[in-house]
Each structure stands twice: as C-alpha cells, then as structure tokens.
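Below is one structure, written out as structure tokens; the observations come after it.
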Amino acid sequence: MSWARLRSAAPSSVLLAFALSVPLWQSDVFLVELLFRVTIFAVVGIAWNLIGGYAGQLSLGHVTYFGLGGYGFSLCHMALGINMWLCLLLGGLIACIAALAIGSITFRLRGPYFVLSTIAAAEIVRIVALNASFTRGAIGLLSPSLFTSPGVDAKFYVLAVALLSASVAFARWTHESRFGYYLRAIRENEDTAMAVGIDPARYKLLALLPSALLTALAGGIYASFSQFVGPESVLAIDLSVQAAVIAMLGGAATVWGPVIGSIVLTLSSELFKAYFKESHLLIYGLLLVLVVIFLPGGLVSLYARTRALLTRRRLRG
C-alpha cells in the first residue's frame with residue numbers, strides 16, 4: 001500500500017479505534033444506547049445514499065429492507081431454530097431478493113412516479129406484516145438477542161460500529177470507483193448516460209442490492225437489540241424519511257455525509273426533546289429547513305467552504 005493511501009486511511013483508523021474504545025471508558029447505559037442508535041442509523045443513511053445520493057433515486061421505501069431484515073432475523077430463528085448469526089444473514093438475503101423484485105419494477109419509473117412506487121412497495125410489506133398470522137399482526141414478535149449479559153448494550157454498540165466500518169469502506173470504494181462514476185452519470189442525466197453506453201436499469205439495480213443488504217443487516221441488529229419486531233417499529237414510513245434526511249443533511253453522494261447527518265440528527269433530536277418538550281419537533285424542523293436552504297451540499301460542505309474562506313483570507317493577507 002502506498003504512503004498516500006496509508007495517510008488517507010489514517011483518520012478513519014483513528015476514528016474507528018476511538019469509537020470501539022467508548023465502552024471501555026463510558027459505562028452510562030443511556031449514552032451507549034444513544035451511540036448505538038447513532039451508529040445503526042448512520043449505516044442506514046449510507047445504504048440509502050448509495051441509491052439516493054449517488055444514483056439520484058429518491059427512494060422512500062428503504063424501510064422495506066429494514067423491516068425485512070428485522071422480521072427475517074426473528075422468523076428464521078423461530079421457524080428454523082438455527083444459529084442467530086446465520087439468521088441475520090438470511091434476513092439480508094431475503095431483503096436482497098425483495099430488492100431485485102421491487103427494483104426491477106420501480107426503476108422503470110422516474111421522478112415522482114418512482115418515489116410513489118417505493119412508498120407503495122413499503123406499504124404493501126407493512127400491510128402484509130400487519131395482517132399475516134405468521135407475523136402475529138400488530139402484536140409483533142419477540143426477537144432473540146445476539147448477545148448475553150454482562151455488557152449487552154456495549155456488545156451491540158461494537159457490532160454496530162463494525163457494520164458501520166464496513167459500510168464506510170464500501171461507500172469509499174463506490175465514491176472512487178468506476179461504478180460510482182456511472183451512478184453519478186445516471187443521476188446527472190439518465191438519457192446522456194444511456195447514450196454513452198451505461199445501462200441505467202442495470203447499475204441502479206446493482207446499487208440497490210448492497211443498499212438493501214446493509215439496511216437489512218442494520219434492521220436485524222436493531223430488532224435483536226430491542227428484542228421486538230412489529231409493523232410500527234421496523235416498517236413505519238418515518239424510517240425511510242429519516243434515512244433520506246440523514247444522508248441529505250450530512251451531504252448526499254459523500255462518504256462521511258450520512259455519518260455526520262446521523263450524529264447531528266439523532267443527538268439534536270434527543271437534546272430538543274429534553275429542553276423544548278412539546279415544541280421540539282417545530283424547532284427541529286426549522287433547523288432542517290435552514291440547513292437545506294443555506295447548505296444544499298449538506299453539513300460536509302462546511303469544511304470546503306471554511307477551507308476556501310481561510311485560503312482567500314491568507315491570499316489577501
């Protein structure tokens with residue numbers, strides 16, 4: 001590995017080491033649980049970013065894969081009684097199969113029709129889960145825990161950090177690879193991409209598969225952490241909106257944008273609940289609107305803006 005690559009990988013390695021060390025010096029259960037949620041939804045944000053940020057497909061149906069990961073994990077363990085880690089992977093496989101079916105239909109549509117079709121797909125899955133006997137309807141299912149005491153929360157947090165690390169690595173590869181360039185070309189102009197030999201349907205589907213897999217793994221881990229899975233906990237449309245907001249708030253089509261978006265969104269939500277009570281949603285929404293208006297490139301763009309401002313000042317001085 002070249003020196004340049006080692007130097008570029010150093011910050012990520014330091015951040016990973018710091019994140020993994022948190023349970024060693026922090027024993028506050030609430031804080032560890034909060035960091036777990038930040039981490040797991042950062043994974044969902046990265047997964048959404050693959051299809052929504054790079055390929056420009058505004059999907060509001062990613063909750064489908066989150067829910068299938070949770071239900072797949074729980075039902076495979078209940079019905080087959082096999083190893084829970086294998087059940088987690090089976091939940092991801094189920095989500096990928098669903099992604100192939102859903103994507104082959106929805107990617108034929110564009111614009112608002114595509115958005116509505118993804119919402120419709122998510123609603124179909126939610127209604128099935130709400131009415132099917134094997135999912136126990138609105139009552140839901142008890143999910144097995146991947147870990148046992150002591151330090152259950154810390155173990156789940158470390159697992160979430162490991163999944164986030166793999167997600168960031170894949171996002172970095174996508175950002176720098178020819179595959180990522182193809183997706184950005186499709187986002188900018190699908191017809192032009194077709195004219196130069198790029199098959200939009202094929203590459204959007206190829207982006208959807210890892211996106212669905214990462215989302216489903218996050219859903220399975222989340223279900224195991226909460227030890228419950230139900231239509232309103234893992235199939236609510238709010239989760240799809242949250243994934244999109246996390247990616248766009250941090251910076252769509254960037255590697256670290258969804259991570260920053262998840263940190264800001266999750267922590268600010270908890271902070272506003274504590275200090276502003278019933279009005280927290282209003283203040284929360286206003287801040288999001290301000291960020292979208294004044295930082296269309298997301299919070300990640302603050303770094304480039306600050307660097308450019310300092311450079312201009314240095315040149316003037």
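Chain labels follow the order of the structure tokens: the first chain is A, the next B, and so on; residue numbering restarts at 1 in every chain, and ligands are counted from 1 in their shown order.
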request  = Return as a VMD selection string the full set of residues in range 83-293 of chain A whose backbone-based DSSP assignment is alpha helix (DSSP H).
outcome  = chain A and resid 84 to 106 111 to 131 152 to 176 178 to 188 190 to 195 200 to 226 231 to 234 237 to 250 257 to 276 280 to 293
Contact check, range 138-251 of chain A to range 29-37 of chain A, at most 8 Å, counting only C-alpha atoms, closest pairs as CSV:
```
residue,atom,partner,partner_atom,distance
A:Asp153,CA,A:Glu33,CA,6.4
A:Ala154,CA,A:Val32,CA,6.6
A:Phe156,CA,A:Phe36,CA,7.2
A:Tyr157,CA,A:Phe36,CA,4.8
A:Ala160,CA,A:Phe36,CA,6.6
```
Would you mind exporting the chosen residues as a PDB file, in the first residue's frame, restricted to N, CA, C and O atoms?
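Dumped everything to selection_6.pdb:
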```
ATOM      1  N   ASP A 153     -25.450  -3.973  25.970  1.00  0.00           N
ATOM      2  CA  ASP A 153     -25.519  -2.739  25.186  1.00  0.00           C
ATOM      3  C   ASP A 153     -24.173  -2.430  24.535  1.00  0.00           C
ATOM      4  O   ASP A 153     -24.114  -2.026  23.370  1.00  0.00           O
ATOM      5  N   ALA A 154     -23.089  -2.604  25.279  1.00  0.00           N
ATOM      6  CA  ALA A 154     -21.753  -2.337  24.740  1.00  0.00           C
ATOM      7  C   ALA A 154     -21.427  -3.289  23.590  1.00  0.00           C
ATOM      8  O   ALA A 154     -20.832  -2.880  22.585  1.00  0.00           O
ATOM      9  N   PHE A 156     -23.598  -4.737  21.518  1.00  0.00           N
ATOM     10  CA  PHE A 156     -24.381  -4.317  20.357  1.00  0.00           C
ATOM     11  C   PHE A 156     -23.766  -3.070  19.718  1.00  0.00           C
ATOM     12  O   PHE A 156     -23.733  -2.940  18.488  1.00  0.00           O
ATOM     13  N   TYR A 157     -23.286  -2.170  20.547  1.00  0.00           N
ATOM     14  CA  TYR A 157     -22.653  -0.956  20.031  1.00  0.00           C
ATOM     15  C   TYR A 157     -21.408  -1.302  19.216  1.00  0.00           C
ATOM     16  O   TYR A 157     -21.202  -0.773  18.113  1.00  0.00           O
ATOM     17  N   ALA A 160     -22.433  -2.689  15.919  1.00  0.00           N
ATOM     18  CA  ALA A 160     -22.907  -1.617  15.043  1.00  0.00           C
ATOM     19  C   ALA A 160     -21.733  -0.832  14.462  1.00  0.00           C
ATOM     20  O   ALA A 160     -21.752  -0.462  13.281  1.00  0.00           O
TER      21      ALA A 160
END
```
query = Using only C-alpha atoms, which residues sit within 8 Å of range 183-187 of chain A once same-chain residues fewer than 3 positions away are excluded, as number ranges by chain?
reply = A: 54-57, 179-180, 190-193, 200, 203-204
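Taking CA of Leu164 in chain A as the reference point, CA of Val43 in chain A is found at 5.4 Å.
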inquiry  = Need the shell around range 294-297 of chain A: protein/DNA/RNA residues with any atom at most 8 Å away, counting only C-alpha atoms. Skip same-chain ones fewer than 3 positions apart. Format as an MDAnalysis selection string?
reply    = chainID A and resid 248 251:252 290:291 300:302
message = Report as number ranges by chain all protein, DNA and RNA residues lying within 9 Å of Glu232 in chain A, evaluated on only C-alpha atoms, omitting residues in the same chain fewer than 2 positions from it.
response = A: 126, 130, 138, 140, 229-230, 234-237
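Minimum distance to Ala101 in chain A across A:Leu205, A:Ala17, A:Val38, A:Ala216 (counting only C-alpha atoms) occurs at A:Leu205.
Among the candidates A:Ile246, A:Leu217, A:Leu163, A:Ala308, the one nearest to Pro258 in chain A when counting only C-alpha atoms is A:Ile246.
From CA of Ala218 in chain A back to CA of Leu141 in chain A, the distance works out to 17.4 Å.
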Please produce, as JSON lines, a per-residue contact table for range 74-162 of chain A versus range 207-211 of chain A (criterion: any atom at most 8 Å away, only C-alpha atoms considered), showing the nearest atom pair and its distance in Å to one decimal, sorted by chain then residue number.
```
{"residue": "A:Cys96", "atom": "CA", "partner": "A:Leu209", "partner_atom": "CA", "distance": 5.6}
{"residue": "A:Ala99", "atom": "CA", "partner": "A:Leu209", "partner_atom": "CA", "distance": 6.3}
{"residue": "A:Leu100", "atom": "CA", "partner": "A:Leu209", "partner_atom": "CA", "distance": 7.3}
{"residue": "A:Gly103", "atom": "CA", "partner": "A:Leu208", "partner_atom": "CA", "distance": 7.4}
```
key: Shell around Leu86 in chain A at 9 Å using only C-alpha atoms, local window under 3 positions removed, as a ChimeraX atom specification   = /A:73,76-77,82-83,89-91
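Distance annotation: of A:Trp256, A:Met84, A:Ile263, A:Gly151, the residue with the minimal separation from Pro11 in chain A is A:Trp256; atom set is only C-alpha atoms.
Distances to Leu239 in chain A were evaluated for A:Gly45, A:Gly197, A:Pro144, A:Gly220 using only C-alpha atoms, and the minimum falls at A:Gly45.
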message = So, with only C-alpha atoms as the atoms that count, which of A:Ile260, A:Leu60, A:Leu286, A:Gly52 lies closest to Tyr113 in chain A?
response = A:Leu60
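Shortest separation to Tyr222 in chain A among A:Leu310, A:Ala253, A:Leu16, A:Leu88 occurs at residue A:Leu88, atoms counted being only C-alpha atoms.
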